[in-house]
Amino acid sequence: MGLTRFYPAPSDRMAIIWSLMPISDAVVLEYGPAGTTHFGGGFYSSLGIKLGKTLFTTHISEDDIVMGDVSRLENAISEVDKNYRPKIIFVVASAVIAVIGTDIAGVCNYMQERVNARLISFEEGGFRGDYTFGLRSVYRMLAREIIKPQPKEEKNTCCILGASAGSYRIRSDVWEIKNLLREAFNIECRYTMGLDCTVEDIEKAGAAALNLVIREEAEEAAQIIEEKCGTPYIKVAPYGYKGTLEWLESISTVINRQINPTLVKRLREKQMSLMPMGGPMMMGFAGMPKKNAVLQGDYDTLLGFRTALSELGFNVTKMVCSHSLKAVKNPDPQVEYIESEKERIDLFKSLSDCAFFGSEELQRCVKSPFTLISAPFVSYEQYASHLPFMGEKGMDMLRELTQE
Amino acid sequence: MGSDGFEMLSGLSRLSEVSGMKQVKPLSYALFPGYHCPLMGAMLTVKETENAVMAVIGPDECAYYIQMATSGGSMKAHGCKIVSVVLDQHDVTFGCQEKMDEAFSELMEEYCPEAVYLVTTCVVEVTGDDIEAMAAGYSEKYKLPVMVVHAENFKTDDHLPGIANTLDASLAIMERQEISECVNVLGMRLGDFTKTELYRVLHSQGIEPHLMLPGKTSVEKIRRAPCAKCNIVVHPVGLPLAVKMQEKFGTPYVIFERYSDTDRIFSAYERLFKVLKKELPAPIYDNKDALKRKIPEIRKLAEGKTYISGNTALAGYELHAFLAGALGMRPLLLQISDLDPEGESFREELLQHADPYVTRSANIGAMRSIYPALKPDFNIGAGDTRELMAQKIATLRFVNAYNTLGFEVADMVLTAVLQAEAERKMMKEVR
């Protein structure tokens, strides 16, 4: 497993940056070589993140490395604080800074007295694990450090936790979740952590009636907020008609409110139409052989798609996770992580006679039918924010995409 | 919110006051987008070399970005396979030899390349793994050239050393050859040499380019590069290799950069044809005379006009010496990434006419604050288009610059000045 032919899994550091940049009145300051930031700008932009005044680099020189000179960082912090007046400056170490062990937390500590912005450092540098570790780190930090205890004033609001900009079609998924909540309970979303929010949104997140956790990595943050603010949470993402109904029912139980019956009726009808004799040309039609499907993606994406595709009559035969399962509690036994790229590629190339759902890596190895559902997706621009995989509309789209 | 342009300017030095890049201050300590790194330069150079493999040795982030850059779009790799050896905490702590051995074995088995470029990044340069020794070992074991390109970012403010180091490393592939009627083109960073005037002139005289590096090439072409009658160095990044080829194979070189001044272009042609032992073709004289006649007319419009400039595809200091000298324009601020010895004479020439502020390049975010402080007539190079328009600053656009060499460069520059002046007038009329 020495050679990497395609994309490696993004590092913790990359996920930290793509989750912090969308916080609109904060700034991410990278302490490290400018080339990383220049390349990174293109990458984060491809995830739909706005670059203006959100990301800066200090650059570093040989002197900084050899002499341990941190004056560049000090000056950059002062300058960003003065010129852009952000509420928070997130100082993120680059890989080389992590290797030489510069104490950026220490620098932030003493610089805190000299600036108005709050300084928060991330010293991971890309060596503590893959992007899921970065997501956990950011969500945990936001819950611990930024969210303030709030009186429970808002009965009609919720927050979405775990919507990562690195997930394919995430903005569409969030759009669908918001629509469903509005229609089902007349609930509005206060903010989406790490995707679309302000510092104030996060500070006051405790006022919401409920937190919706849509991926594993945000659960710890939800627990912290529950402890801190008494906000209950549910952890599941709505995939498939049945899955969406169950998701709505979970919310209904927690907030003790009825689901809009019109929506329930519509989802039930669609669910019925998938059943044997429920309608024409259905994948699960009685007597029709089940088609095999292979999935590749984030852990929660895999579980969600298995739910949705099973409803469509697919037999999910393989679920290959794009990241390590080390931090996943009691991982589903069908989900496997294959660390070696070569083994992964060999496996993908050996598969045939099934539908594939995954990333560009899988796409390179297999013949159609292929559906892009997960990262990396760098060759594909995302223009729409109304074409989800989650929820009712997501299932509508999957039905169309998987028609024979 | 934003920076104070006047305060920024007060911290900058003038061109006459600096002799090394350490004296050139950035507009701000927080940069965006920041400089490209040498890894990018190495990638630009190798990506079109058929039957070569480029292996990036570094953290997953460097590997990810380089794959992203070369998997599509204008920087898509053709012919050359680009792979990575991703270093984790274990490799950083205990060394990467074991992983490198395994990766190299896989690489040889899967791609059977004719040459391999091992490109380092910041992390591996800091940990001190002896990649040179590993390369020598692989070269001996697998019987092929394995070259190390050092591409750490913390020693430089741009990607050009990555190109120069890759060119330099390619010397290891070359073997002595019989001389034939062809030339090598060294240092054409972007663009296509076969679309240039220089190519057409050479072609008309029966001289074809053999190796174009960077450019579409192959390991075999690099191996046979010493067959050229001479090397044409079109950018200083090609100079170290040209010097070494002269030393090792006796291949002479001629510097023929993307000059704007007609006399300099003419001299470059003269030097080149002297080395080629051929008569200077008649159209060269005609082109020179025609352009020289144009200059006084354009000077009337351009004289006294002020500008700020970032990096361009042209020979930077030479361009400014031409604009200030021949056209009487006034550079107010130059964003630079080097004070190279090759540009020294042009800087001296420029200083006879103007002494602009100098600052480090690739900081467009901070440049926004400079526009209202300096109020130049024109901007050259990258900039914040919306803000430039808001400030009624016209842009000198060098259209298709990467595909030009010869008198067409001067023509392009003069046309750009004319068009920018028209744009400036139009902007002023719109209240």
# chains A, B, ... in the order shown; residues from 1 in each chain; ligands from 1
$ residues_around --residues "Tyr7 of chain A" --least-positions-apart "5" --cutoff "9 Å" --atoms "only C-alpha atoms" --output "MDAnalysis selection string"
(chainID A and resid 361 376) or (chainID B and resid 60 63:65 67:68 84)
$ write_last_selection --atoms "N, CA and C atoms" --output "compact mmCIF listing (two decimals), in the first residue's frame"
# COMPACT_ATOMS: atom_id res chain seq x y z
N GLU A 361 -13.36 7.68 -7.77
CA GLU A 361 -12.41 6.56 -7.71
C GLU A 361 -13.08 5.29 -8.20
N PRO A 376 -14.25 11.52 -3.74
CA PRO A 376 -14.00 12.76 -4.50
C PRO A 376 -14.91 12.90 -5.72
N ASP B 60 -1.00 13.76 2.54
CA ASP B 60 -2.15 13.50 1.67
C ASP B 60 -2.69 14.75 1.00
N ALA B 63 -0.73 15.42 -2.13
CA ALA B 63 -1.10 14.37 -3.10
C ALA B 63 -2.48 14.65 -3.69
N TYR B 64 -3.39 15.07 -2.85
CA TYR B 64 -4.77 15.31 -3.30
C TYR B 64 -4.79 16.45 -4.31
N TYR B 65 -4.11 17.54 -3.97
CA TYR B 65 -4.16 18.74 -4.83
C TYR B 65 -3.50 18.49 -6.18
N GLN B 67 -3.23 15.68 -7.72
CA GLN B 67 -4.12 14.80 -8.49
C GLN B 67 -5.28 15.62 -9.06
N MET B 68 -5.78 16.51 -8.23
CA MET B 68 -6.90 17.34 -8.64
C MET B 68 -6.49 18.24 -9.81
N SER B 84 1.43 9.33 -6.11
CA SER B 84 1.95 9.89 -4.85
C SER B 84 2.40 8.79 -3.89
$ residues_around --residues "segment 294-300 of chain B" --least-positions-apart "3" --cutoff "12 Å" --atoms "only C-alpha atoms" --output "MDAnalysis selection string"
chainID B and resid 260:262 287:291 303:305 322:329 410:411 413:422
$ interface_residues --of "chain B" --to "chain A" --cutoff "6 Å" --atoms "only C-alpha atoms" --output "list in words"
Met1, Gly2, Ser3, Tyr29, Ala30, Leu31, Phe32, Pro33, Gly34, Tyr35, His36, Cys37, Asp60, Tyr64, Val83, Ser84, Val85, Gln89, Lys99, Glu102, Ala103, Val123, Asn153, Phe154 and Lys155 of chain B
$ residues_around --residues "Tyr357 of chain B" --least-positions-apart "5" --cutoff "6 Å" --atoms "only C-alpha atoms" --output "MDAnalysis selection string"
chainID B and resid 13:15 333
$ write_last_selection --atoms "N, CA and C atoms" --output "PDB file, in the first residue's frame"
ATOM      1  N   SER B  13       9.331  49.324   0.156  1.00  0.00           N
ATOM      2  CA  SER B  13      10.566  49.917  -0.357  1.00  0.00           C
ATOM      3  C   SER B  13      10.403  50.225  -1.830  1.00  0.00           C
ATOM      4  N   ARG B  14      11.286  51.043  -2.334  1.00  0.00           N
ATOM      5  CA  ARG B  14      11.358  51.318  -3.776  1.00  0.00           C
ATOM      6  C   ARG B  14      12.311  50.310  -4.419  1.00  0.00           C
ATOM      7  N   LEU B  15      12.165  50.150  -5.715  1.00  0.00           N
ATOM      8  CA  LEU B  15      13.009  49.188  -6.438  1.00  0.00           C
ATOM      9  C   LEU B  15      14.497  49.473  -6.213  1.00  0.00           C
ATOM     10  N   LEU B 333       3.895  50.709  -8.874  1.00  0.00           N
ATOM     11  CA  LEU B 333       4.130  49.598  -7.944  1.00  0.00           C
ATOM     12  C   LEU B 333       4.275  48.303  -8.740  1.00  0.00           C
TER      13      LEU B 333
END
$ atom_distance --atom1 "atom CA of Gln363 of chain A" --atom2 "atom CA of Thr402 of chain A"
16.0 Å
